[in-house]
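Pasted below: my_file-v7.pdb, PDB, C-alpha atoms.
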ATOM      1  CA  MET A   1     -10.603  -7.505  -5.770
ATOM      2  CA  LYS A   2     -11.742  -6.146  -2.398
ATOM      3  CA  ILE A   3     -10.475  -5.143   1.019
ATOM      4  CA  SER A   4     -12.295  -3.837   4.072
ATOM      5  CA  LEU A   5     -11.123  -1.555   6.817
ATOM      6  CA  THR A   6     -12.858  -1.338  10.207
ATOM      7  CA  GLN A   7     -12.124   1.015  13.095
ATOM      8  CA  VAL A   8     -10.897  -0.789  16.222
ATOM      9  CA  LYS A   9     -10.387   2.253  18.478
ATOM     10  CA  GLY A  10      -9.084   5.781  17.955
ATOM     11  CA  LEU A  11      -7.076   5.784  14.734
ATOM     12  CA  GLN A  12      -6.375   2.058  14.890
ATOM     13  CA  PHE A  13      -8.042  -0.056  12.217
ATOM     14  CA  VAL A  14      -8.089  -3.666  11.106
ATOM     15  CA  ALA A  15      -7.858  -4.384   7.380
ATOM     16  CA  ARG A  16      -9.073  -7.667   5.902
ATOM     17  CA  ASP A  17      -8.777  -9.197   2.459
ATOM     18  CA  GLU A  18     -11.184 -11.644   0.817
ATOM     19  CA  SER A  19      -9.156 -14.666   1.985
ATOM     20  CA  GLY A  20      -9.348 -13.693   5.660
ATOM     21  CA  HIS A  21      -5.811 -12.326   6.046
ATOM     22  CA  LYS A  22      -5.757  -9.308   8.274
ATOM     23  CA  ILE A  23      -3.367  -6.617   9.420
ATOM     24  CA  ILE A  24      -3.548  -3.757  11.874
ATOM     25  CA  VAL A  25      -3.249  -0.260  10.388
ATOM     26  CA  ASP A  26      -2.320   2.226  13.074
ATOM     27  CA  THR A  27      -0.464   5.460  13.761
ATOM     28  CA  GLU A  28       1.630   7.080  16.484
ATOM     29  CA  LYS A  29       0.058   7.739  19.893
ATOM     30  CA  GLU A  30       0.587  11.503  19.536
ATOM     31  CA  LYS A  31      -1.579  11.375  16.429
ATOM     32  CA  GLY A  32      -4.432   9.453  18.028
ATOM     33  CA  GLY A  33      -3.359   5.880  17.311
ATOM     34  CA  PHE A  34      -1.942   3.082  19.452
ATOM     35  CA  ASP A  35       1.270   2.360  17.515
ATOM     36  CA  LYS A  36       0.447  -1.323  17.045
ATOM     37  CA  GLY A  37       0.601  -1.409  13.253
ATOM     38  CA  ILE A  38       2.083   0.132  10.143
ATOM     39  CA  ILE A  39       0.967   3.598   8.974
ATOM     40  CA  PRO A  40      -0.727   3.944   5.559
ATOM     41  CA  LEU A  41       2.144   5.771   3.822
ATOM     42  CA  ARG A  42       4.541   2.967   4.736
ATOM     43  CA  LEU A  43       1.998   0.404   3.531
ATOM     44  CA  LEU A  44       2.112   2.135   0.160
ATOM     45  CA  MET A  45       5.887   1.565   0.054
ATOM     46  CA  ILE A  46       5.428  -2.067   1.145
ATOM     47  CA  ALA A  47       2.908  -2.604  -1.661
ATOM     48  CA  LEU A  48       5.437  -1.245  -4.176
ATOM     49  CA  ALA A  49       8.312  -3.263  -2.737
ATOM     50  CA  GLY A  50       6.323  -6.492  -2.535
ATOM     51  CA  CYS A  51       5.008  -6.285  -6.080
ATOM     52  CA  MET A  52       8.451  -5.695  -7.589
ATOM     53  CA  ALA A  53      10.102  -8.293  -5.334
ATOM     54  CA  MET A  54       7.683 -10.996  -6.517
ATOM     55  CA  ASP A  55       8.390 -10.154 -10.157
ATOM     56  CA  ILE A  56      12.143 -10.046  -9.684
ATOM     57  CA  VAL A  57      12.485 -13.244  -7.644
ATOM     58  CA  SER A  58      10.257 -15.130 -10.138
ATOM     59  CA  ILE A  59      12.159 -13.943 -13.190
ATOM     60  CA  VAL A  60      15.631 -14.606 -11.776
ATOM     61  CA  GLN A  61      14.564 -18.094 -10.651
ATOM     62  CA  LYS A  62      13.157 -18.879 -14.115
ATOM     63  CA  LYS A  63      16.586 -18.048 -15.490
ATOM     64  CA  GLY A  64      18.154 -20.570 -13.084
ATOM     65  CA  GLY A  65      19.346 -18.130 -10.445
ATOM     66  CA  LYS A  66      19.055 -18.654  -6.692
ATOM     67  CA  PHE A  67      19.016 -16.064  -3.944
ATOM     68  CA  THR A  68      20.454 -16.824  -0.531
ATOM     69  CA  LYS A  69      19.442 -13.298   0.425
ATOM     70  CA  PHE A  70      16.908 -11.022  -1.193
ATOM     71  CA  GLU A  71      16.247  -7.745   0.511
ATOM     72  CA  MET A  72      14.954  -4.371  -0.615
ATOM     73  CA  GLU A  73      14.914  -1.181   1.358
ATOM     74  CA  LEU A  74      12.691   1.670   0.231
ATOM     75  CA  GLU A  75      13.132   5.224   1.337
ATOM     76  CA  GLY A  76      10.300   7.650   0.764
ATOM     77  CA  VAL A  77      11.074  11.350   0.538
ATOM     78  CA  GLN A  78       8.019  13.439   1.288
ATOM     79  CA  ALA A  79       7.172  16.800  -0.238
ATOM     80  CA  GLU A  80       7.419  19.668   2.239
ATOM     81  CA  LYS A  81       3.999  21.005   1.414
ATOM     82  CA  HIS A  82       0.914  19.305   2.842
ATOM     83  CA  PRO A  83      -0.348  16.646   2.256
ATOM     84  CA  LYS A  84       3.322  15.640   2.086
ATOM     85  CA  ARG A  85       2.946  13.130  -0.743
ATOM     86  CA  PHE A  86       5.952  11.069  -1.688
ATOM     87  CA  ALA A  87       7.975  13.218  -4.067
ATOM     88  CA  LYS A  88      10.591  10.500  -4.437
ATOM     89  CA  ILE A  89      10.931   6.828  -3.569
ATOM     90  CA  ILE A  90      14.406   5.293  -3.553
ATOM     91  CA  TYR A  91      14.813   1.513  -3.879
ATOM     92  CA  ASN A  92      17.985  -0.086  -2.548
ATOM     93  CA  PHE A  93      18.606  -3.742  -3.353
ATOM     94  CA  ASN A  94      20.642  -6.045  -1.154
ATOM     95  CA  CYS A  95      20.886  -9.500  -2.718
ATOM     96  CA  ALA A  96      23.250 -12.448  -2.505
ATOM     97  CA  GLY A  97      23.331 -15.935  -4.026
ATOM     98  CA  ASP A  98      24.026 -17.772  -7.225
ATOM     99  CA  PHE A  99      22.618 -15.621 -10.014
ATOM    100  CA  LYS A 100      23.840 -13.488 -12.875
ATOM    101  CA  ARG A 101      23.874  -9.803 -12.111
ATOM    102  CA  GLU A 102      22.592  -9.095 -15.619
ATOM    103  CA  ASP A 103      19.554 -11.319 -14.943
ATOM    104  CA  LEU A 104      18.789  -9.345 -11.795
ATOM    105  CA  LEU A 105      19.075  -6.072 -13.709
ATOM    106  CA  ARG A 106      16.877  -7.337 -16.534
ATOM    107  CA  ALA A 107      14.293  -8.695 -14.061
ATOM    108  CA  PHE A 108      14.183  -5.352 -12.320
ATOM    109  CA  GLU A 109      13.675  -3.526 -15.652
ATOM    110  CA  LEU A 110      10.904  -5.915 -16.718
ATOM    111  CA  SER A 111       9.106  -5.386 -13.420
ATOM    112  CA  ARG A 112       9.479  -1.622 -13.576
ATOM    113  CA  ASP A 113       8.478  -1.240 -17.208
ATOM    114  CA  GLN A 114       6.019  -4.090 -17.812
ATOM    115  CA  TYR A 115       4.978  -6.353 -14.946
ATOM    116  CA  CYS A 116       4.493  -4.480 -11.681
ATOM    117  CA  SER A 117       0.786  -3.697 -11.319
ATOM    118  CA  VAL A 118       1.302  -1.479  -8.248
ATOM    119  CA  LEU A 119       3.880   0.698  -9.984
ATOM    120  CA  ALA A 120       1.668   0.792 -13.112
ATOM    121  CA  THR A 121      -1.204   2.089 -10.937
ATOM    122  CA  LEU A 122       1.035   4.918  -9.730
ATOM    123  CA  LYS A 123       2.170   5.748 -13.260
ATOM    124  CA  ASP A 124      -1.406   5.942 -14.516
ATOM    125  CA  PRO A 125      -3.668   6.568 -11.521
ATOM    126  CA  PRO A 126      -7.098   4.934 -11.286
ATOM    127  CA  GLU A 127     -10.431   6.648 -11.417
ATOM    128  CA  ILE A 128     -11.633   6.954  -7.819
ATOM    129  CA  VAL A 129     -15.331   6.571  -7.043
ATOM    130  CA  PHE A 130     -16.769   7.265  -3.600
ATOM    131  CA  ASN A 131     -20.150   6.047  -2.335
ATOM    132  CA  ILE A 132     -20.798   7.772   0.925
TER     133      ILE A 132
ATOM    134  CA  MET B   1      10.595   7.272   6.016
ATOM    135  CA  LYS B   2      11.777   3.739   5.317
ATOM    136  CA  ILE B   3      10.556   0.167   5.020
ATOM    137  CA  SER B   4      12.434  -3.040   4.292
ATOM    138  CA  LEU B   5      11.273  -6.206   2.601
ATOM    139  CA  THR B   6      13.075  -9.531   3.004
ATOM    140  CA  GLN B   7      12.365 -12.831   1.271
ATOM    141  CA  VAL B   8      11.238 -15.567   3.673
ATOM    142  CA  LYS B   9      10.737 -18.382   1.152
ATOM    143  CA  GLY B  10       9.367 -18.569  -2.394
ATOM    144  CA  LEU B  11       7.285 -15.459  -2.983
ATOM    145  CA  GLN B  12       6.648 -14.901   0.727
ATOM    146  CA  PHE B  13       8.294 -11.829   2.247
ATOM    147  CA  VAL B  14       8.374 -10.043   5.568
ATOM    148  CA  ALA B  15       8.088  -6.253   5.566
ATOM    149  CA  ARG B  16       9.312  -4.142   8.474
ATOM    150  CA  ASP B  17       8.983  -0.486   9.306
ATOM    151  CA  GLU B  18      11.386   1.652  11.341
ATOM    152  CA  SER B  19       9.447   1.060  14.580
ATOM    153  CA  GLY B  20       9.701  -2.723  14.320
ATOM    154  CA  HIS B  21       6.156  -3.440  13.141
ATOM    155  CA  LYS B  22       6.085  -6.214  10.598
ATOM    156  CA  ILE B  23       3.662  -7.896   8.243
ATOM    157  CA  ILE B  24       3.839 -10.860   5.905
ATOM    158  CA  VAL B  25       3.460 -10.075   2.195
ATOM    159  CA  ASP B  26       2.555 -13.211   0.296
ATOM    160  CA  THR B  27       0.657 -14.543  -2.707
ATOM    161  CA  GLU B  28      -1.411 -17.570  -3.730
ATOM    162  CA  LYS B  29       0.220 -21.017  -3.746
ATOM    163  CA  GLU B  30      -0.378 -21.399  -7.500
ATOM    164  CA  LYS B  31       1.720 -18.288  -8.002
ATOM    165  CA  GLY B  32       4.644 -19.423  -5.867
ATOM    166  CA  GLY B  33       3.635 -18.066  -2.494
ATOM    167  CA  PHE B  34       2.287 -19.639   0.689
ATOM    168  CA  ASP B  35      -0.951 -17.656   1.087
ATOM    169  CA  LYS B  36      -0.063 -16.459   4.600
ATOM    170  CA  GLY B  37      -0.283 -12.737   3.952
ATOM    171  CA  ILE B  38      -1.877 -10.017   1.875
ATOM    172  CA  ILE B  39      -0.847  -9.523  -1.781
ATOM    173  CA  PRO B  40       0.767  -6.207  -2.813
ATOM    174  CA  LEU B  41      -2.162  -4.911  -4.880
ATOM    175  CA  ARG B  42      -4.489  -5.303  -1.922
ATOM    176  CA  LEU B  43      -1.933  -3.573   0.323
ATOM    177  CA  LEU B  44      -2.142  -0.602  -2.025
ATOM    178  CA  MET B  45      -5.911  -0.457  -1.419
ATOM    179  CA  ILE B  46      -5.364  -0.821   2.351
ATOM    180  CA  ALA B  47      -2.901   2.087   2.288
ATOM    181  CA  LEU B  48      -5.494   4.239   0.524
ATOM    182  CA  ALA B  49      -8.307   3.166   2.840
ATOM    183  CA  GLY B  50      -6.230   3.631   6.001
ATOM    184  CA  CYS B  51      -5.021   7.084   5.088
ATOM    185  CA  MET B  52      -8.496   8.394   4.301
ATOM    186  CA  ALA B  53     -10.054   6.661   7.306
ATOM    187  CA  MET B  54      -7.617   8.392   9.677
ATOM    188  CA  ASP B  55      -8.429  11.790   8.172
ATOM    189  CA  ILE B  56     -12.172  11.248   8.223
ATOM    190  CA  VAL B  57     -12.409   9.853  11.773
ATOM    191  CA  SER B  58     -10.215  12.699  13.087
ATOM    192  CA  ILE B  59     -12.194  15.439  11.378
ATOM    193  CA  VAL B  60     -15.619  14.122  12.380
ATOM    194  CA  GLN B  61     -14.458  13.710  16.001
ATOM    195  CA  LYS B  62     -13.120  17.277  16.070
ATOM    196  CA  LYS B  63     -16.601  18.433  15.064
ATOM    197  CA  GLY B  64     -18.053  16.538  18.028
ATOM    198  CA  GLY B  65     -19.223  13.441  16.167
ATOM    199  CA  LYS B  66     -18.862   9.856  17.398
ATOM    200  CA  PHE B  67     -18.800   6.668  15.386
ATOM    201  CA  THR B  68     -20.170   3.447  16.829
ATOM    202  CA  LYS B  69     -19.203   1.830  13.532
ATOM    203  CA  PHE B  70     -16.730   3.012  10.929
ATOM    204  CA  GLU B  71     -16.096   0.708   8.030
ATOM    205  CA  MET B  72     -14.896   1.200   4.479
ATOM    206  CA  GLU B  73     -14.871  -1.370   1.723
ATOM    207  CA  LEU B  74     -12.719  -0.768  -1.327
ATOM    208  CA  GLU B  75     -13.202  -2.561  -4.603
ATOM    209  CA  GLY B  76     -10.410  -2.405  -7.141
ATOM    210  CA  VAL B  77     -11.254  -2.916 -10.805
ATOM    211  CA  GLN B  78      -8.204  -4.003 -12.771
ATOM    212  CA  ALA B  79      -7.467  -3.142 -16.385
ATOM    213  CA  GLU B  80      -7.710  -6.138 -18.724
ATOM    214  CA  LYS B  81      -4.306  -5.524 -20.236
ATOM    215  CA  HIS B  82      -1.174  -6.546 -18.367
ATOM    216  CA  PRO B  83       0.114  -5.433 -15.885
ATOM    217  CA  LYS B  84      -3.547  -5.125 -14.869
ATOM    218  CA  ARG B  85      -3.175  -1.876 -12.965
ATOM    219  CA  PHE B  86      -6.185  -0.595 -11.058
ATOM    220  CA  ALA B  87      -8.283   1.283 -13.579
ATOM    221  CA  LYS B  88     -10.859   2.143 -10.933
ATOM    222  CA  ILE B  89     -11.121   1.991  -7.156
ATOM    223  CA  ILE B  90     -14.580   2.215  -5.574
ATOM    224  CA  TYR B  91     -14.916   3.252  -1.929
ATOM    225  CA  ASN B  92     -18.044   2.208  -0.029
ATOM    226  CA  PHE B  93     -18.596   3.689   3.418
ATOM    227  CA  ASN B  94     -20.572   1.954   6.143
ATOM    228  CA  CYS B  95     -20.768   4.147   9.231
ATOM    229  CA  ALA B  96     -23.079   4.496  12.206
ATOM    230  CA  GLY B  97     -23.110   6.654  15.335
ATOM    231  CA  ASP B  98     -23.865  10.130  16.538
ATOM    232  CA  PHE B  99     -22.531  12.472  13.865
ATOM    233  CA  LYS B 100     -23.865  14.844  11.250
ATOM    234  CA  ARG B 101     -23.961  13.381   7.774
ATOM    235  CA  GLU B 102     -22.756  16.729   6.384
ATOM    236  CA  ASP B 103     -19.668  16.530   8.630
ATOM    237  CA  LEU B 104     -18.878  13.062   7.274
ATOM    238  CA  LEU B 105     -19.253  14.309   3.699
ATOM    239  CA  ARG B 106     -17.092  17.350   4.354
ATOM    240  CA  ALA B 107     -14.424  15.228   6.093
ATOM    241  CA  PHE B 108     -14.333  12.888   3.143
ATOM    242  CA  GLU B 109     -13.930  15.814   0.716
ATOM    243  CA  LEU B 110     -11.148  17.365   2.795
ATOM    244  CA  SER B 111      -9.289  14.050   2.874
ATOM    245  CA  ARG B 112      -9.728  13.464  -0.847
ATOM    246  CA  ASP B 113      -8.803  16.977  -1.946
ATOM    247  CA  GLN B 114      -6.307  18.154   0.688
ATOM    248  CA  TYR B 115      -5.180  15.793   3.439
ATOM    249  CA  CYS B 116      -4.651  12.243   2.223
ATOM    250  CA  SER B 117      -0.961  11.788   1.443
ATOM    251  CA  VAL B 118      -1.449   8.345  -0.126
ATOM    252  CA  LEU B 119      -4.095   9.593  -2.540
ATOM    253  CA  ALA B 120      -1.954  12.677  -3.274
ATOM    254  CA  THR B 121       0.930  10.347  -4.191
ATOM    255  CA  LEU B 122      -1.317   8.571  -6.682
ATOM    256  CA  LYS B 123      -2.548  11.863  -8.146
ATOM    257  CA  ASP B 124       1.002  13.113  -8.657
ATOM    258  CA  PRO B 125       3.321  10.081  -8.753
ATOM    259  CA  PRO B 126       6.783  10.218  -7.165
ATOM    260  CA  GLU B 127      10.081  10.081  -8.933
ATOM    261  CA  ILE B 128      11.341   6.517  -8.579
ATOM    262  CA  VAL B 129      15.070   5.906  -8.127
ATOM    263  CA  PHE B 130      16.551   2.416  -8.179
ATOM    264  CA  ASN B 131      19.964   1.467  -6.799
ATOM    265  CA  ILE B 132      20.678  -2.054  -7.899
TER     266      ILE B 132
END

Target encoding structure tokens, full file:
Amino acid sequence: MKISLTQVKGLQFVARDESGHKIIVDTEKEKGGFDKGIIPLRLLMIALAGCMAMDIVSIVQKKGGKFTKFEMELEGVQAEKHPKRFAKIIYNFNCAGDFKREDLLRAFELSRDQYCSVLATLKDPPEIVFNI
Amino acid sequence: MKISLTQVKGLQFVARDESGHKIIVDTEKEKGGFDKGIIPLRLLMIALAGCMAMDIVSIVQKKGGKFTKFEMELEGVQAEKHPKRFAKIIYNFNCAGDFKREDLLRAFELSRDQYCSVLATLKDPPEIVFNI
């Protein structure tokens, strides 16, 4: 599985996946970017949210549930010391529809403990290899 | 720092940051998505690539270097066992311009060891709190 990242200008980049989808990765103007895209730390939260959301929606639907609203908000609390890694990430769920609350809870636990590949990568970090 | 993720349809979601930037998070049609956006595991790689790229470009520029091309490709190798976390991530750099190779190497080391907040979050994972 691959992605590429190419500088556009300043600290603005375009990221592409193997299927041709692309997004702009950018930062605030004061930091040398152009503020036209999402910063990397927030993309990390979006990766976590998206992975768990896909698990949870799939599992609840398999059990016959239907969401009229499925929303997650993630809040990242950064460490004070540089490089200000996320010390804590808080997930808030905001869902409505025709589903059993126990199915939602169980789906969330299955994603957290067994299915979510992004969260599993954070729990047991990958070996990182650099060719420069 | 916050993001939100809202279901659009099936396993397609829209993610928003606090400044109003948004991206589509999606998956393959066979998996219940609509293939209009990047999957979460690839977003994790983009977060890593973006964070290091911003550090490296900034540092090399401060030392007087200029890139005519700055590109990174990341390859994620997944574990065979579910949930198929990334067991290894390989970074390949493809840069050209007027800069000292030693400055690029040093910038990369500084990002890896000190500056990159996304990589630091993977090295020392956050506490995760769920409100459901």

At a cut-off of 6 Å, list the chain A residues touching chain B, using only C-alpha atoms, as a short mmCIF file (atom, residue, chain, number, x, y, z; two decimals) with C-alpha atoms, in the coordinates of the input.
data_model
loop_
_atom_site.label_atom_id
_atom_site.label_comp_id
_atom_site.auth_asym_id
_atom_site.auth_seq_id
_atom_site.Cartn_x
_atom_site.Cartn_y
_atom_site.Cartn_z
CA MET A 1 -10.60 -7.50 -5.77
CA LYS A 2 -11.74 -6.15 -2.40
CA ILE A 3 -10.48 -5.14 1.02
CA SER A 4 -12.30 -3.84 4.07
CA LEU A 5 -11.12 -1.56 6.82
CA THR A 6 -12.86 -1.34 10.21
CA GLN A 7 -12.12 1.01 13.10
CA LEU A 11 -7.08 5.78 14.73
CA HIS A 21 -5.81 -12.33 6.05
CA GLY A 37 0.60 -1.41 13.25
CA PRO A 40 -0.73 3.94 5.56
CA LEU A 41 2.14 5.77 3.82
CA LEU A 43 2.00 0.40 3.53
CA LEU A 44 2.11 2.13 0.16
CA ALA A 47 2.91 -2.60 -1.66
CA GLY A 50 6.32 -6.49 -2.54
CA CYS A 51 5.01 -6.28 -6.08
CA MET A 54 7.68 -11.00 -6.52
CA PHE A 70 16.91 -11.02 -1.19
CA GLU A 71 16.25 -7.74 0.51
CA MET A 72 14.95 -4.37 -0.62
CA GLU A 73 14.91 -1.18 1.36
CA LEU A 74 12.69 1.67 0.23
CA GLU A 75 13.13 5.22 1.34
CA GLY A 76 10.30 7.65 0.76
CA PRO A 83 -0.35 16.65 2.26
CA LYS A 84 3.32 15.64 2.09
CA ARG A 85 2.95 13.13 -0.74
CA PHE A 86 5.95 11.07 -1.69
CA ALA A 87 7.98 13.22 -4.07
CA LYS A 88 10.59 10.50 -4.44
CA ILE A 89 10.93 6.83 -3.57
CA ILE A 90 14.41 5.29 -3.55
CA TYR A 91 14.81 1.51 -3.88
CA ASN A 92 17.98 -0.09 -2.55
CA PHE A 93 18.61 -3.74 -3.35
CA TYR A 115 4.98 -6.35 -14.95
CA SER A 117 0.79 -3.70 -11.32
CA VAL A 118 1.30 -1.48 -8.25
CA ALA A 120 1.67 0.79 -13.11
CA THR A 121 -1.20 2.09 -10.94
CA LEU A 122 1.03 4.92 -9.73
CA PRO A 125 -3.67 6.57 -11.52
CA PRO A 126 -7.10 4.93 -11.29
CA GLU A 127 -10.43 6.65 -11.42
CA ILE A 128 -11.63 6.95 -7.82
CA VAL A 129 -15.33 6.57 -7.04
CA PHE A 130 -16.77 7.26 -3.60
CA ASN A 131 -20.15 6.05 -2.34
CA ILE A 132 -20.80 7.77 0.92
#

For CA of Glu30 (chain A) and CA of Ala107 (chain B), determine how far apart the two atoms are, in Å to one decimal place.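 A separation of 20.5 Å between them.
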
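Going from CA of Lys63 (chain B) over to CA of Asp103 (chain B), you cover 7.4 Å.
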
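CA of Leu110 (chain A) lies 16.1 Å from CA of Gly65 (chain A).
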